[in-house]
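One structure below.
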Amino acid sequence: MPQDDFYTKVRAGLSALLQQWQALGQADADQLALILAETARVAKLGTPDTTPDGAILKHWSQTLEDDIPLWAPRTAVFLLNQMPAKPTPQSEAEACAWAYCWLRNRTFNTVEAAHSELPAHLQAPLKSALEAAWRDQQGLRLV
């Protein structure tokens with residue numbers, strides 16, 4: 001598999017999403033992990049088997065391994081999109097992960113609908129990544 005394909009970028013960007021959540025969240029790592037897990041459960045973005053602690057959250061935010069459960073970055077995107085600080089992706093890989101999670105978090109009929117429903121501050125930074133995520137999803141890769 002080529003290292004510049006969309007899914008490879010997504011996998012590389014998932015930890016960056018969790019880094020942003022930790023950097024912008026106004027609590028210690030244990031509390032941020034708890035907020036992430038409880039929000040995932042309440043918002044139906046995933047069903048964590050257990051609530052991670054701060055050390056696990058820190059590990060996920062620093063790893064490129066495949067051990068990050070998808071509910072964590074999906075929930076991070078959900079929470080980051082609501083922050084008054086209006087965070088944006090800091091790299092192409094993070095933008096791909098953000099777009100991937102955006103499409104996994106909601107149902108859209110068209111890429112245009114997915115784009116227009118993004119918060120305004122994310123529409124430009126995620127434009128090309130969202131188009132790539134949509135193409136990938138339509139190829140049934142994101143199923």
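Identifiers in this document derive from the order of the structure tokens: chains are assigned A, B, ..., residues are numbered from 1 separately in each chain, and ligands are numbered from 1 in order of occurrence.
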Would you kindly return, as a compact mmCIF listing (two decimals) with N, CA and C atoms, in the first residue's frame, each protein, DNA or RNA residue with an atom no farther than 10 Å from any atom of A:Ala40, considering only C-alpha atoms and excluding same-chain residues fewer than 6 positions away?
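Output contents, as saved in around_7.txt:
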# COMPACT_ATOMS: atom_id res chain seq x y z
N LEU A 34 -11.85 10.96 30.44
CA LEU A 34 -13.21 10.69 30.93
C LEU A 34 -14.24 11.43 30.08
N GLY A 46 -19.61 5.92 19.76
CA GLY A 46 -18.86 4.71 20.04
C GLY A 46 -19.23 4.21 21.42
N THR A 47 -18.80 3.01 21.71
CA THR A 47 -19.10 2.42 23.01
C THR A 47 -17.81 1.91 23.63
N PRO A 48 -17.08 2.79 24.28
CA PRO A 48 -15.85 2.36 24.93
C PRO A 48 -16.13 1.25 25.95
N TRP A 71 -13.66 5.39 18.22
CA TRP A 71 -14.55 6.28 18.96
C TRP A 71 -13.80 7.48 19.52
N ALA A 72 -12.53 7.33 19.84
CA ALA A 72 -11.77 8.44 20.47
C ALA A 72 -11.57 9.61 19.50
N PRO A 73 -10.99 9.42 18.31
CA PRO A 73 -10.86 10.57 17.41
C PRO A 73 -12.20 11.06 16.87
N ARG A 74 -13.17 10.16 16.70
CA ARG A 74 -14.50 10.62 16.26
C ARG A 74 -15.07 11.58 17.30
N THR A 75 -14.91 11.24 18.57
CA THR A 75 -15.42 12.09 19.64
C THR A 75 -14.60 13.37 19.74
N ALA A 76 -13.30 13.27 19.53
CA ALA A 76 -12.46 14.48 19.55
C ALA A 76 -12.93 15.47 18.48
N PHE A 78 -15.95 15.68 17.21
CA PHE A 78 -17.23 16.18 17.70
C PHE A 78 -17.01 17.33 18.69
N LEU A 79 -16.10 17.15 19.63
CA LEU A 79 -15.84 18.16 20.65
C LEU A 79 -15.07 19.36 20.10
Residue set, chain A restricted to alpha helix (DSSP H), as a PyMOL selection string: chain A and resi 6-24+29-42+54-60+71-80+92-105+111-116+120-123+127-138
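For the choices A:Leu18, A:Ala23, A:Leu130, A:Ala12, the atom-to-atom distance to A:Ser116 is smallest for A:Leu130 when using only C-alpha atoms.
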Polymer residues at most 12 Å from A:Gln123, only C-alpha atoms, same-chain spacing of 5 or more positions, as a list of chain:residue names: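 Within the cut-off, the hits are A:Asn81, A:Lys86, A:Thr88, A:Pro89, A:Ala95, A:Trp98, A:Ala99, A:Trp102, A:Val111, A:Glu112, A:Ala113, A:Ala114, A:His115, A:Ser116, A:Glu117, A:Leu118, A:Ser128, A:Ala129, A:Leu130, A:Glu131.
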For the residues in that selection, give me C-alpha atoms as a short mmCIF file (atom, residue, chain, number, x, y, z; two decimals), in the first residue's frame.
data_model
loop_
_atom_site.label_atom_id
_atom_site.label_comp_id
_atom_site.auth_asym_id
_atom_site.auth_seq_id
_atom_site.Cartn_x
_atom_site.Cartn_y
_atom_site.Cartn_z
CA ASN A 81 -15.97 21.34 16.25
CA LYS A 86 -12.26 27.19 16.46
CA THR A 88 -8.30 23.63 12.63
CA PRO A 89 -6.13 20.75 11.43
CA ALA A 95 -7.15 17.12 7.98
CA TRP A 98 -10.79 15.09 10.67
CA ALA A 99 -12.67 14.64 7.37
CA TRP A 102 -16.73 13.99 10.13
CA VAL A 111 -20.09 15.71 -0.52
CA GLU A 112 -21.52 19.21 -0.96
CA ALA A 113 -23.88 18.63 1.96
CA ALA A 114 -21.04 17.30 4.09
CA HIS A 115 -18.96 20.37 3.23
CA SER A 116 -21.72 22.92 3.79
CA GLU A 117 -22.58 21.49 7.22
CA LEU A 118 -19.01 21.84 8.48
CA SER A 128 -9.72 18.74 -0.30
CA ALA A 129 -9.51 16.25 2.58
CA LEU A 130 -13.30 15.98 2.69
CA GLU A 131 -13.41 15.34 -1.05
#
For A:Ala55, the nearest of the candidates A:Ala85, A:Ala33, A:Cys101, A:Ala120, counting only C-alpha atoms: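 Closest to A:Ala55, using only C-alpha atoms: A:Ala33.
The shortest atom-to-atom distance to A:Leu57, with only C-alpha atoms taken into account, belongs to A:Ala29 out of A:Leu14, A:Ala29, A:Gln82, A:Arg106.
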A:Gln138, A:Gly13, A:Pro119, A:Leu103 ranked by distance to A:Asp66, top pick (using only C-alpha atoms):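 Answer, going by the shortest atom-to-atom distance: A:Gly13.
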Of the listed residues A:Gln26, A:Gly139, A:Val77, A:Arg104, that which approaches A:Leu122 most closely, counting only C-alpha atoms: A:Val77
Of the listed residues A:Ser91, A:Leu24, A:Lys44, A:Leu36, that which approaches A:Leu126 most closely, counting only C-alpha atoms: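 Using only C-alpha atoms, the shortest distance to A:Leu126 belongs to A:Ser91.
From atom CA of A:Thr50 back to atom CA of A:Gly25, the distance works out to 20.7 Å.
Atom pair atom CA of A:Thr51 / atom CA of A:Ala37: separated by 5.8 Å.
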